[in-house]
file final-v5.txt (compact mmCIF, C-alpha atoms)
# COMPACT_ATOMS: atom_id res chain seq x y z
CA MET P 245 49.13 -32.48 39.43
CA ILE P 246 48.16 -28.78 39.24
CA LYS P 247 46.60 -27.42 42.40
CA GLU P 248 43.29 -25.59 42.10
CA ASN P 249 43.78 -21.98 41.00
CA SER P 250 47.57 -22.33 41.14
CA LEU P 251 47.82 -20.92 37.62
CA PHE P 252 46.51 -17.61 38.89
CA ASN P 253 48.28 -17.36 42.22
CA GLY P 254 50.92 -15.11 40.72
CA PHE P 255 48.40 -12.43 39.85
CA GLU P 256 47.25 -9.81 42.31
CA LYS P 257 43.54 -9.96 43.06
CA ILE P 258 41.67 -6.87 41.93
CA THR P 259 38.40 -5.82 43.53
CA SER P 260 35.39 -4.47 41.66
CA LYS P 261 36.03 -1.10 43.32
CA GLN P 262 39.51 -0.97 41.79
CA TRP P 263 38.14 -1.87 38.36
CA LYS P 264 35.59 0.93 38.59
CA GLN P 265 38.24 3.42 39.64
CA GLN P 266 40.38 2.49 36.64
CA ILE P 267 37.37 2.70 34.30
CA GLN P 268 36.46 6.10 35.70
CA PHE P 269 40.02 7.27 35.09
CA GLU P 270 39.89 6.04 31.47
CA LEU P 271 36.58 7.85 30.96
CA LYS P 272 38.32 11.12 31.86
CA GLY P 273 35.51 12.35 34.02
CA ALA P 274 32.57 11.13 31.94
CA ASP P 275 29.70 9.59 33.88
CA TYR P 276 30.22 5.83 34.36
CA ASN P 277 26.54 4.92 34.46
CA GLU P 278 25.64 7.11 31.51
CA LYS P 279 28.44 5.85 29.26
CA LEU P 280 28.70 2.17 30.10
CA VAL P 281 25.53 0.97 31.82
CA TRP P 282 22.63 0.30 29.46
CA GLU P 283 19.05 -0.69 30.18
CA SER P 284 17.19 -3.48 28.39
CA LEU P 285 13.53 -3.41 27.35
CA GLU P 286 12.84 -5.40 30.51
CA GLY P 287 14.24 -2.64 32.71
CA ILE P 288 17.40 -4.58 33.56
CA LYS P 289 20.53 -2.45 33.85
CA VAL P 290 23.51 -4.19 32.29
CA LYS P 291 26.95 -3.36 33.66
CA PRO P 292 30.20 -3.38 31.66
CA PHE P 293 31.69 -6.05 33.92
CA TYR P 294 30.63 -8.47 36.64
CA HIS P 295 32.82 -9.39 39.61
CA ASN P 296 32.63 -12.10 42.24
CA ASP P 297 32.75 -9.67 45.15
CA GLU P 298 29.35 -8.22 44.19
CA ASP P 299 27.82 -10.61 41.63
CA ASN P 300 28.70 -14.04 43.02
CA LEU P 301 25.28 -15.65 42.60
CA THR P 302 24.34 -19.31 42.25
CA ASN P 303 20.79 -20.04 41.12
CA ASN P 304 21.13 -23.84 41.26
CA VAL P 305 19.47 -24.37 37.88
CA THR P 306 19.87 -27.98 36.80
CA THR P 307 20.15 -28.35 33.03
CA LYS P 308 21.05 -31.60 31.31
CA VAL P 309 22.54 -30.09 28.18
CA SER P 310 24.28 -33.36 27.31
CA GLU P 311 20.83 -34.89 26.78
CA PHE P 312 19.27 -32.27 24.49
CA LYS P 313 17.54 -33.71 21.42
CA ILE P 314 17.18 -32.46 17.85
CA LEU P 315 13.45 -32.25 17.21
CA GLN P 316 11.98 -32.39 13.71
CA ASN P 317 8.60 -30.78 13.08
CA ILE P 318 6.33 -32.54 10.60
CA TYR P 319 2.98 -31.11 9.58
CA VAL P 320 0.61 -33.97 8.76
CA HIS P 321 -1.46 -33.32 5.67
CA ASP P 322 -0.78 -36.38 3.55
CA VAL P 323 -0.24 -39.31 5.93
CA GLU P 324 1.86 -41.38 3.53
CA LYS P 325 4.18 -38.47 2.68
CA SER P 326 4.48 -37.55 6.38
CA ASN P 327 5.51 -41.10 7.21
CA LEU P 328 8.18 -41.13 4.48
CA LYS P 329 9.43 -37.72 5.59
CA THR P 330 9.72 -38.99 9.17
CA VAL P 331 11.77 -42.01 8.10
CA ASP P 332 14.08 -39.74 6.12
CA ALA P 333 14.45 -37.17 8.94
CA LEU P 334 15.43 -39.87 11.44
CA LYS P 335 18.04 -41.23 9.04
CA ARG P 336 19.47 -37.74 8.61
CA GLY P 337 19.94 -36.86 12.28
CA ALA P 338 16.58 -36.03 13.86
CA GLU P 339 16.31 -37.55 17.34
CA SER P 340 12.65 -36.91 18.11
CA ILE P 341 9.61 -36.08 16.01
CA ARG P 342 6.67 -33.76 16.48
CA PHE P 343 3.59 -34.28 14.34
CA THR P 344 1.16 -31.38 14.00
CA ILE P 345 -2.27 -32.86 13.30
CA GLU P 346 -5.38 -30.85 12.43
CA ASN P 347 -7.68 -33.69 11.34
CA GLU P 348 -8.86 -36.20 13.93
CA SER P 349 -9.60 -38.73 11.17
CA THR P 350 -5.83 -39.10 10.63
CA SER P 351 -4.82 -42.77 10.62
CA VAL P 352 -2.39 -43.40 13.46
CA ASP P 353 -1.42 -46.82 12.10
CA ASP P 354 -0.53 -45.46 8.66
CA LEU P 355 1.31 -42.46 10.04
CA LEU P 356 3.54 -44.53 12.31
CA GLN P 357 4.21 -47.64 10.28
CA ASN P 358 7.84 -48.84 10.10
CA LEU P 359 9.05 -46.23 12.60
CA PRO P 360 11.44 -46.99 15.54
CA LEU P 361 8.72 -46.56 18.13
CA GLU P 362 10.67 -47.84 21.12
CA LYS P 363 13.74 -45.69 20.49
CA VAL P 364 12.33 -42.28 19.53
CA SER P 365 10.00 -39.88 21.36
CA PHE P 366 7.02 -38.75 19.31
CA TYR P 367 5.11 -35.56 20.07
CA PHE P 368 1.56 -35.08 18.82
CA ASN P 369 0.65 -31.41 18.58
CA LEU P 370 -3.14 -31.62 18.26
CA LYS P 371 -5.15 -28.67 16.93
CA PHE P 372 -8.36 -30.10 18.36
CA ILE P 373 -9.66 -31.85 21.48
CA SER P 374 -10.83 -35.40 20.93
CA ILE P 375 -11.01 -37.97 23.72
CA ASP P 376 -11.40 -40.74 21.14
CA PHE P 377 -8.29 -39.70 19.19
CA VAL P 378 -6.20 -39.51 22.35
CA SER P 379 -7.48 -42.97 23.30
CA LYS P 380 -6.31 -44.30 19.93
CA LEU P 381 -2.87 -42.85 20.53
CA ASN P 382 -2.70 -44.34 24.03
CA GLU P 383 -3.76 -47.77 22.80
CA PHE P 384 -1.18 -47.67 20.01
CA ALA P 385 1.57 -46.53 22.40
CA THR P 386 0.80 -49.28 24.91
CA LYS P 387 0.66 -51.97 22.23
CA ASN P 388 3.95 -50.88 20.63
CA LYS P 389 5.82 -49.77 23.77
CA ALA P 390 6.13 -46.29 22.27
CA ASN P 391 6.86 -42.99 24.01
CA PHE P 392 4.12 -40.55 22.99
CA ILE P 393 3.75 -37.02 24.34
CA ILE P 394 0.40 -35.48 23.45
CA GLN P 395 0.21 -31.70 23.25
CA ILE P 396 -3.12 -29.98 23.84
CA ASP P 397 -3.43 -26.35 24.96
CA PRO P 398 -6.91 -24.78 25.01
CA ILE P 399 -5.60 -21.58 26.62
CA GLY P 400 -2.99 -21.28 23.89
CA GLN P 401 -5.76 -21.79 21.35
CA LEU P 402 -7.75 -18.98 22.97
CA ALA P 403 -4.75 -16.62 23.05
CA LYS P 404 -3.76 -17.22 19.43
CA GLY P 405 -7.12 -17.80 17.75
CA GLY P 406 -9.45 -15.75 19.94
CA ASN P 407 -11.76 -18.69 20.71
CA TRP P 408 -11.72 -21.90 22.68
CA TYR P 409 -11.87 -25.19 20.77
CA LYS P 410 -15.52 -25.38 21.92
CA ASN P 411 -15.94 -23.38 25.13
CA LEU P 412 -14.17 -23.10 28.48
CA GLU P 413 -16.36 -25.61 30.30
CA SER P 414 -16.30 -28.21 27.53
CA ASP P 415 -12.57 -27.87 26.87
CA PHE P 416 -11.60 -28.36 30.50
CA LYS P 417 -14.07 -31.21 30.96
CA SER P 418 -12.32 -33.02 28.11
CA LEU P 419 -8.90 -32.21 29.55
CA LYS P 420 -9.81 -33.67 32.92
CA GLN P 421 -10.86 -36.93 31.29
CA ILE P 422 -7.77 -37.06 29.08
CA SER P 423 -5.48 -36.30 32.04
CA ARG P 424 -6.44 -39.55 33.76
CA ASP P 425 -4.78 -41.66 31.09
CA THR P 426 -1.95 -39.72 29.48
CA SER P 427 0.65 -36.96 29.56
CA PHE P 428 -1.13 -34.32 27.52
CA LEU P 429 -0.34 -30.78 28.54
CA ALA P 430 1.70 -28.32 26.48
CA ILE P 431 2.07 -24.61 27.19
CA GLN P 432 2.36 -22.87 23.81
CA SER P 433 4.16 -19.78 25.07
CA GLY P 434 6.15 -18.95 21.92
CA ILE P 435 3.36 -16.67 20.74
CA TYR P 436 4.18 -14.12 23.44
CA GLN P 437 7.72 -13.65 22.13
CA ASN P 438 6.66 -13.68 18.49
CA ALA P 439 4.04 -11.02 19.19
CA GLY P 440 6.60 -8.71 20.80
CA ALA P 441 6.39 -9.31 24.55
CA ASN P 442 9.59 -8.55 26.43
CA MET P 443 11.29 -11.36 28.35
CA VAL P 444 9.77 -10.53 31.73
CA GLN P 445 6.31 -10.63 30.14
CA GLN P 446 7.11 -13.88 28.33
CA LEU P 447 8.10 -15.55 31.59
CA ALA P 448 5.22 -14.14 33.63
CA TYR P 449 2.59 -14.99 31.01
CA THR P 450 3.98 -18.51 30.64
CA LEU P 451 3.81 -18.97 34.40
CA ALA P 452 0.28 -17.57 34.63
CA HIS P 453 -0.76 -19.69 31.63
CA THR P 454 0.56 -22.80 33.43
CA ASN P 455 -1.07 -21.80 36.71
CA GLU P 456 -4.51 -21.82 35.10
CA TYR P 457 -4.09 -25.53 34.38
CA PHE P 458 -2.87 -26.26 37.90
CA ASN P 459 -5.98 -24.52 39.23
CA ARG P 460 -8.50 -26.05 36.83
CA VAL P 461 -7.28 -29.63 36.28
CA GLU P 462 -7.32 -31.63 39.50
CA LYS P 463 -4.26 -33.65 40.53
CA LEU P 464 -2.17 -32.49 37.60
CA ASN P 465 0.93 -34.49 38.46
CA GLN P 466 2.34 -35.35 35.05
CA PRO P 467 5.19 -33.92 32.95
CA ILE P 468 4.34 -30.55 31.39
CA THR P 469 5.89 -29.41 28.13
CA ILE P 470 6.58 -25.70 27.69
CA GLU P 471 7.29 -24.38 24.21
CA VAL P 472 9.31 -21.18 23.99
CA SER P 473 10.62 -18.95 21.22
CA VAL P 474 14.21 -17.79 21.45
CA GLY P 475 15.44 -14.43 20.17
CA THR P 476 18.86 -13.08 19.27
CA ASN P 477 19.79 -11.42 22.60
CA TYR P 478 22.25 -14.23 23.26
CA PHE P 479 23.00 -14.10 27.00
CA PHE P 480 19.54 -12.82 27.93
CA GLU P 481 17.96 -15.78 26.15
CA ILE P 482 20.18 -18.25 28.00
CA ALA P 483 19.13 -16.59 31.24
CA LYS P 484 15.46 -16.60 30.19
CA LEU P 485 15.34 -20.37 29.90
CA ARG P 486 17.16 -20.79 33.21
CA ALA P 487 14.74 -18.36 34.87
CA LEU P 488 11.82 -20.32 33.42
CA ARG P 489 13.00 -23.47 35.18
CA ILE P 490 13.33 -21.62 38.49
CA LEU P 491 9.86 -20.12 38.16
CA PHE P 492 8.21 -23.39 37.10
CA THR P 493 9.80 -25.27 40.00
CA THR P 494 8.66 -22.59 42.44
CA LEU P 495 5.09 -22.75 41.12
CA ALA P 496 4.98 -26.56 40.90
CA LYS P 497 5.96 -26.94 44.56
CA GLU P 498 2.81 -25.05 45.56
CA TYR P 499 0.75 -27.81 43.92
CA ASN P 500 2.96 -30.73 45.04
CA HIS P 501 3.85 -31.29 41.42
CA SER P 502 6.93 -33.49 41.29
CA HIS P 503 8.04 -33.29 37.64
CA GLU P 504 10.48 -30.89 36.01
CA CYS P 505 9.15 -29.03 32.99
CA ASN P 506 10.15 -30.25 29.54
CA ILE P 507 11.25 -27.27 27.40
CA ILE P 508 11.01 -27.24 23.62
CA ALA P 509 12.78 -24.23 22.11
CA THR P 510 12.39 -22.77 18.62
CA PRO P 511 14.02 -19.68 17.10
CA THR P 512 11.72 -16.67 16.92
CA LYS P 513 10.09 -15.49 13.71
CA ARG P 514 10.01 -11.89 14.90
CA ASN P 515 13.47 -10.96 13.58
CA LYS P 516 13.41 -13.10 10.43
CA THR P 517 13.37 -11.49 6.98
CA ILE P 518 12.51 -12.31 3.38
CA TYR P 519 15.23 -10.06 1.95
CA ASP P 520 18.83 -11.19 2.47
CA TYR P 521 17.24 -14.37 3.75
CA ASN P 522 20.53 -16.23 4.21
CA VAL P 523 21.16 -14.02 7.25
CA ASN P 524 18.30 -15.97 8.83
CA MET P 525 20.70 -18.92 9.15
CA LEU P 526 23.07 -16.80 11.25
CA ARG P 527 20.19 -15.65 13.43
CA THR P 528 18.81 -19.14 13.97
CA THR P 529 22.27 -20.53 14.74
CA THR P 530 22.86 -18.13 17.63
CA GLU P 531 19.30 -18.63 18.83
CA CYS P 532 19.74 -22.41 18.85
CA MET P 533 23.00 -21.92 20.75
CA SER P 534 21.16 -19.91 23.42
CA ALA P 535 18.46 -22.58 23.60
CA ILE P 536 20.99 -25.37 24.10
CA LEU P 537 23.10 -23.52 26.67
CA GLY P 538 19.95 -22.37 28.45
CA GLY P 539 18.96 -26.00 28.96
CA ALA P 540 16.16 -26.75 26.49
CA ASN P 541 15.33 -30.45 26.39
CA GLU P 542 14.45 -30.38 22.70
CA VAL P 543 15.50 -27.83 20.10
CA THR P 544 13.76 -27.52 16.74
CA ASN P 545 15.15 -25.11 14.19
CA LEU P 546 13.39 -22.84 11.68
CA PRO P 547 14.33 -23.25 8.01
CA TYR P 548 15.91 -20.09 6.60
CA ASP P 549 13.08 -19.81 4.03
CA THR P 550 10.17 -20.66 6.30
CA LEU P 551 8.55 -17.24 5.81
CA TYR P 552 8.12 -17.38 2.06
CA HIS P 553 8.59 -20.98 0.86
CA LYS P 554 6.34 -23.97 1.39
CA ASP P 555 7.81 -26.81 3.40
CA ASN P 556 10.70 -28.25 1.40
CA GLU P 557 13.43 -30.86 1.82
CA PHE P 558 16.34 -28.46 1.31
CA GLY P 559 15.22 -25.94 3.94
CA ASP P 560 14.50 -28.71 6.45
CA ARG P 561 17.88 -30.36 5.82
CA ILE P 562 19.84 -27.13 6.28
CA SER P 563 18.02 -26.27 9.52
CA ARG P 564 18.55 -29.76 10.91
CA ASN P 565 22.23 -29.72 9.89
CA GLN P 566 22.74 -26.48 11.83
CA LEU P 567 21.79 -28.36 14.98
CA LEU P 568 23.88 -31.37 14.01
CA VAL P 569 26.94 -29.15 13.61
CA LEU P 570 26.34 -27.60 17.03
CA LYS P 571 25.92 -31.01 18.61
CA THR P 572 28.50 -33.19 16.88
CA GLU P 573 31.15 -30.73 15.71
CA SER P 574 30.88 -27.87 18.20
CA TYR P 575 30.43 -30.19 21.21
CA PHE P 576 27.51 -28.31 22.70
CA ASP P 577 26.25 -31.51 24.28
CA LYS P 578 29.36 -32.33 26.31
CA VAL P 579 28.83 -30.32 29.50
CA ASN P 580 25.77 -30.14 31.73
CA ASN P 581 24.89 -26.79 33.33
CA PRO P 582 27.38 -24.86 31.14
CA ALA P 583 26.17 -21.44 32.33
CA ASP P 584 26.70 -22.15 36.03
CA GLY P 585 28.95 -19.63 37.72
CA ALA P 586 28.94 -17.09 34.89
CA TYR P 587 28.31 -13.96 36.95
CA TYR P 588 26.61 -12.09 34.10
CA ILE P 589 24.20 -14.92 33.24
CA GLU P 590 23.51 -15.70 36.90
CA SER P 591 22.69 -12.03 37.51
CA LEU P 592 20.39 -11.86 34.48
CA THR P 593 18.69 -15.10 35.53
CA GLU P 594 17.91 -13.79 38.99
CA GLN P 595 16.67 -10.41 37.79
CA LEU P 596 14.43 -11.90 35.09
CA ALA P 597 12.97 -14.40 37.54
CA GLU P 598 12.32 -11.74 40.19
CA LYS P 599 10.66 -9.31 37.78
CA ALA P 600 8.58 -12.07 36.17
CA LEU P 601 7.42 -13.36 39.55
CA GLU P 602 6.32 -9.85 40.50
CA LEU P 603 4.29 -9.52 37.28
CA PHE P 604 2.84 -13.00 37.74
CA LYS P 605 1.61 -12.10 41.22
CA ASP P 606 -0.02 -8.97 39.81
CA ILE P 607 -1.84 -11.07 37.18
CA GLU P 608 -3.14 -13.44 39.86
CA LEU P 609 -4.28 -10.56 42.08
CA ASN P 610 -6.27 -9.19 39.16
CA GLY P 611 -8.25 -12.28 38.26
CA GLY P 612 -5.72 -14.58 36.63
CA PHE P 613 -4.49 -15.13 33.11
CA ILE P 614 -7.75 -16.12 31.40
CA THR P 615 -9.58 -13.17 32.93
CA GLN P 616 -6.89 -10.75 31.75
CA LEU P 617 -6.99 -12.27 28.26
CA ILE P 618 -10.76 -11.77 28.12
CA GLU P 619 -10.40 -8.20 29.42
CA GLY P 620 -7.67 -7.49 26.87
CA THR P 621 -5.05 -6.54 29.47
CA ILE P 622 -2.46 -9.06 28.27
CA GLN P 623 -2.92 -8.01 24.63
CA ARG P 624 -2.52 -4.30 25.46
CA LYS P 625 0.70 -4.89 27.41
CA ILE P 626 2.20 -7.03 24.65
CA ASN P 627 1.24 -4.43 22.03
CA ALA P 628 2.89 -1.69 24.08
CA SER P 629 6.09 -3.69 24.42
CA ALA P 630 6.05 -4.62 20.73
CA GLN P 631 5.64 -0.98 19.72
CA LYS P 632 8.68 0.05 21.80
CA GLU P 633 10.79 -2.52 19.95
CA GLN P 634 9.26 -1.53 16.61
CA ASP P 635 10.17 2.11 17.24
CA LEU P 636 13.77 1.12 17.94
CA PHE P 637 13.85 -0.84 14.69
CA ASP P 638 12.21 1.95 12.67
CA ASN P 639 14.73 4.44 14.06
CA GLY P 640 17.68 2.20 13.25
CA LYS P 641 18.58 1.52 16.88
CA GLU P 642 17.67 -2.15 16.58
CA ILE P 643 19.38 -3.57 13.54
CA LEU P 644 18.55 -6.37 11.15
CA LEU P 645 21.40 -6.66 8.67
CA GLY P 646 20.23 -6.65 5.08
CA THR P 647 16.94 -5.01 6.01
CA ASN P 648 17.31 -1.73 7.88
CA LYS P 649 21.13 -1.79 7.71
CA TYR P 650 23.17 -2.43 4.55
CA PRO P 651 20.23 -3.63 2.42
CA ASN P 652 21.01 -5.12 -0.98
CA LYS P 653 18.98 -2.86 -3.28
CA SER P 654 19.21 -5.32 -6.16
CA ASP P 655 17.64 -8.13 -4.14
CA LYS P 656 14.24 -9.07 -5.62
CA MET P 657 11.69 -11.29 -3.88
CA LYS P 658 8.28 -10.66 -5.43
CA HIS P 659 8.43 -13.70 -7.75
CA ASP P 660 9.87 -16.03 -5.10
CA LEU P 661 7.01 -15.83 -2.59
CA GLU P 662 5.16 -19.12 -2.26
CA LEU P 663 3.63 -18.04 1.03
CA TYR P 664 2.24 -14.69 2.21
CA PRO P 665 4.85 -13.56 4.79
CA PHE P 666 2.86 -10.81 6.52
CA VAL P 667 0.09 -10.55 9.10
CA LYS P 668 -3.09 -11.91 7.55
CA ASN P 669 -6.51 -10.35 8.08
CA ASN P 670 -9.06 -13.00 9.03
CA PRO P 671 -12.37 -11.29 9.90
CA ARG P 672 -14.41 -13.54 12.19
CA LYS P 673 -16.29 -13.45 15.45
CA THR P 674 -14.03 -14.12 18.43
CA LEU P 675 -14.43 -14.23 22.19
CA ILE P 676 -11.28 -12.17 22.72
CA THR P 677 -8.87 -10.11 20.64
CA PRO P 678 -6.24 -12.64 19.52
CA ILE P 679 -2.57 -12.12 20.26
CA ILE P 680 -1.10 -11.43 16.82
CA GLU P 681 2.42 -12.45 15.86
CA LYS P 682 4.20 -9.80 13.83
CA ARG P 683 7.73 -9.44 12.47
CA LEU P 684 9.77 -6.26 12.82
CA ALA P 685 10.62 -6.05 9.11
CA GLU P 686 7.11 -6.31 7.68
CA LYS P 687 6.57 -2.64 6.82
CA ILE P 688 9.95 -2.23 5.13
CA GLU P 689 9.51 -5.46 3.20
CA GLN P 690 6.06 -4.50 1.94
CA GLU P 691 7.41 -1.16 0.73
CA ARG P 692 10.26 -2.90 -1.09
CA LEU P 693 7.95 -5.46 -2.68
CA ASN P 694 5.63 -2.71 -3.91
CA ALA P 695 8.60 -0.86 -5.42
CA GLU P 696 9.88 -3.90 -7.33
CA GLU P 697 9.35 -3.79 -11.08
call {"tool": "encode", "arguments": {"input": "final-v5.txt", "output": "structure tokens"}}
result
Amino acid sequence: MIKENSLFNGFEKITSKQWKQQIQFELKGADYNEKLVWESLEGIKVKPFYHNDEDNLTNNVTTKVSEFKILQNIYVHDVEKSNLKTVDALKRGAESIRFTIENESTSVDDLLQNLPLEKVSFYFNLKFISIDFVSKLNEFATKNKANFIIQIDPIGQLAKGGNWYKNLESDFKSLKQISRDTSFLAIQSGIYQNAGANMVQQLAYTLAHTNEYFNRVEKLNQPITIEVSVGTNYFFEIAKLRALRILFTTLAKEYNHSHECNIIATPTKRNKTIYDYNVNMLRTTTECMSAILGGANEVTNLPYDTLYHKDNEFGDRISRNQLLVLKTESYFDKVNNPADGAYYIESLTEQLAEKALELFKDIELNGGFITQLIEGTIQRKINASAQKEQDLFDNGKEILLGTNKYPNKSDKMKHDLELYPFVKNNPRKTLITPIIEKRLAEKIEQERLNAEE
């Protein structure tokens, strides 16, 4: 039997000070901090190495990576087709299903017929508030011993659309009634990332968003689902999800809330492109890896062609298979808490959590999240952060291969667009300025499309 660490006993231990001295020697007098320490958009200084004599942190984040599920999104327009698509997705590897429903006249019985209700978790992402519809779902779930998670987020609706479903008072009155009977609450925080917020802002806004519900819905002691978008900054994104769990647990304790948050992670749209679109598969693969290692409970992938093609079987199958490969061939589900003890990730986790908590406290001191949305403070800060990143992209310092680096000039897309892939103008009267999602590549892509013959 090999004794612990016996493999390394023959090597002399080297301190961080010795490493720095050697690095300084190799730099031949150049400034260590200037050459090798870089600063992220969040203001976090990243060192070239991390050592246990100065970075030995343990954040005690519990992640059950072995239990992560592959989630399939299904938009319900035609109930019969949605049912058939669900059956097919479950046969092909999906482990849980999320229905997005916009019409409260949707037939629950028809949608869910012949499905394995006792074995699979079903999410219902509702784009409306209806006490009657939620009652139908609850009755169906009780009768069929099904596990339903209902997702309603009036604050998310306000942030994204500019208006409440009805109004603040009416929306929260409905929520209070719904909360007596079911697990209903979902924090739709992916919009902050997709609109260009940095990671500290994403975490702080998600926490403040959640805190509004704790304050306004009495005795909110039920599981809360938090949806996040995951970008390409691999280790930072792992740390972001870990920091989110720390922050949620800290907040929940203040309200005697006893449940862990349930995290659904989706790759971001912000760095996706219509030109050289196959690169999107590489981007989403690394983003799904970060989501899994960061401890997301459910991961749902984006099809490589989601920007410009209507929903299609091929795109869905490829995106689902990416997750299946990670789970069944790359063994990403074999170890719980895989990031524990990684000095770099632990350091990032702590710094992100500390900075986000500081921003969260500032939001609360200045009226809370809803107040700052109405005043436009949140929107202005996100826009400022987004513009910093956009400037880096425009100047070639942030790279998207195939778009602002090594573009394929012969690539043509004008005749392949089934969907409009850019920010849409929708003039209407709103209570607040909506938070607008925008991709980095939009300007370049529009110029290329206009130049196509």
call {"tool": "closest_residue", "arguments": {"input": "final-v5.txt", "among": "P:Lys656, P:Arg336, P:Lys279, P:Arg692", "to": "Asn565 of chain P", "atoms": "all atoms listed in the file"}}
result
P:Arg336
call {"tool": "closest_residue", "arguments": {"input": "final-v5.txt", "among": "P:Leu355, P:Ile468, P:Leu661, P:Ile393", "to": "Leu551 of chain P", "atoms": "only C-alpha atoms"}}
result
P:Leu661
call {"tool": "closest_residue", "arguments": {"input": "final-v5.txt", "among": "P:Pro292, P:Pro467, P:Pro678, P:Pro582", "to": "Phe428 of chain P", "atoms": "all atoms listed in the file"}}
result
P:Pro467
call {"tool": "residues_around", "arguments": {"input": "final-v5.txt", "residues": "segment 501-504 of chain P", "least_positions_apart": "5", "cutoff": "7 Å", "atoms": "only C-alpha atoms", "output": "list in words"}}
result
Asn465, Gln466, Pro467, Thr493 and Ala496 of chain P
call {"tool": "residues_around", "arguments": {"input": "final-v5.txt", "residues": "Thr330 of chain P", "least_positions_apart": "3", "cutoff": "12 Å", "atoms": "all atoms listed in the file", "output": "PyMOL selection string"}}
result
chain P and resi 315-320+323-327+333-343+355-361+364+366+557+560
call {"tool": "atom_distance", "arguments": {"input": "final-v5.txt", "atom1": "atom CA of Ser534 of chain P", "atom2": "atom CA of Glu498 of chain P"}}
result
29.2 Å
call {"tool": "residues_near_point", "arguments": {"input": "final-v5.txt", "point": "(10.8, -0.1, 16.0)", "cutoff": "12 Å", "atoms": "only C-alpha atoms", "output": "list in words"}}
result
Gly440, Arg514, Asn515, Ala628, Ser629, Ala630, Gln631, Lys632, Glu633, Gln634, Asp635, Leu636, Phe637, Asp638, Asn639, Gly640, Lys641, Glu642, Ile643, Leu644, Asn648, Lys682, Arg683, Leu684, Ala685, Glu686, Lys687 and Ile688 of chain P
call {"tool": "closest_residue", "arguments": {"input": "final-v5.txt", "among": "P:Tyr276, P:Lys404, P:Leu491, P:Phe604", "to": "Asn438 of chain P", "atoms": "all atoms listed in the file"}}
result
P:Lys404
call {"tool": "atom_distance", "arguments": {"input": "final-v5.txt", "atom1": "atom CA of Thr450 of chain P", "atom2": "atom CA of Lys417 of chain P"}}
result
22.1 Å
call {"tool": "closest_residue", "arguments": {"input": "final-v5.txt", "among": "P:Asp555, P:Asp655, P:Glu456, P:Asp606", "to": "Tyr499 of chain P", "atoms": "only C-alpha atoms"}}
result
P:Glu456
call {"tool": "axis_aligned_box", "arguments": {"input": "final-v5.txt", "around": "segment 345-351 of chain P", "padding_each_side": "3 Å", "output": "AutoDock Vina command-line options"}}
result
--center_x -5.9 --center_y -36.8 --center_z 12.3 --size_x 13.3 --size_y 17.9 --size_z 9.3
call {"tool": "atom_distance", "arguments": {"input": "final-v5.txt", "atom1": "atom CA of Ser349 of chain P", "atom2": "atom CA of Leu370 of chain P"}}
result
11.9 Å
call {"tool": "residues_around", "arguments": {"input": "final-v5.txt", "residues": "Met443 of chain P", "least_positions_apart": "4", "cutoff": "8 Å", "atoms": "only C-alpha atoms", "output": "PyMOL selection string"}}
result
chain P and resi 286+437+447+484+596
call {"tool": "closest_residue", "arguments": {"input": "final-v5.txt", "among": "P:Tyr552, P:Tyr449, P:Gly646, P:Lys571", "to": "Thr621 of chain P", "atoms": "only C-alpha atoms"}}
result
P:Tyr449
call {"tool": "residues_around", "arguments": {"input": "final-v5.txt", "residues": "Ile267 of chain P", "least_positions_apart": "4", "cutoff": "12 Å", "atoms": "only C-alpha atoms", "output": "list in words"}}
result
Ser260, Lys261, Gln262, Trp263, Leu271, Lys272, Gly273, Ala274, Asp275, Tyr276, Asn277, Lys279, Leu280, Pro292 and Phe293 of chain P
call {"tool": "residues_around", "arguments": {"input": "final-v5.txt", "residues": "Lys605 of chain P", "least_positions_apart": "3", "cutoff": "12 Å", "atoms": "all atoms listed in the file", "output": "ChimeraX atom specification"}}
result
/P:448-449,451-452,455,491,495,598-602,608-613
